[in-house]
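In what follows, a structure is listed as structure tokens, so that the remarks can point back to it.
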Amino acid sequence: MKITYDEKVCIHSGKCVKSLPSVFQVKNSKFVITQDGASEEEIRKTVSECPSKALNIVNTTSSDPI
């Protein structure tokens, strides 16, 4: 599993950072994703709740979004 982020789509609601700060963070004005900061289930839930759909999960064995 790999998390992708499209900065051109993001509306900066901050929902991901508030919901799962161990994974989604802003450091030095840059968006940082630390995938090992939570369980896959928690990450999938937060990604699915992204209001702009700027966050996506890609299967690491193929390039198809999950």
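Quick note on naming: the chains in the structure tokens go A, B, ... in the order shown, residues restart at 1 in each chain, and ligands are numbered from 1 in order of appearance.
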Within 9 Å of range 19-36 of chain A, counting only C-alpha atoms, which residues show up once you throw out same-chain ones fewer than 2 positions away? Write them as a ChimeraX atom specification, please. /A:2-5,7,14-17,38-40,42-43,46
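CA of Ser52 in chain A is found 6.2 Å from CA of Ile11 in chain A.
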What lies within 12 Å of Lys8 in chain A using only C-alpha atoms, ignoring chain neighbours under 6 positions off, as a PyMOL selection string? chain A and resi 52-55
Once DSSP has gone over the backbone, tell me which residues of chain A are in strand (DSSP E or B), as a PyMOL selection string. chain A and resi 2-5+24-27+30-33+55-58+65
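Distance annotation: of A:Asn59, A:Arg44, A:Pro51, A:Gly37, the residue with the minimal separation from His12 in chain A is A:Pro51; atom set is only C-alpha atoms.
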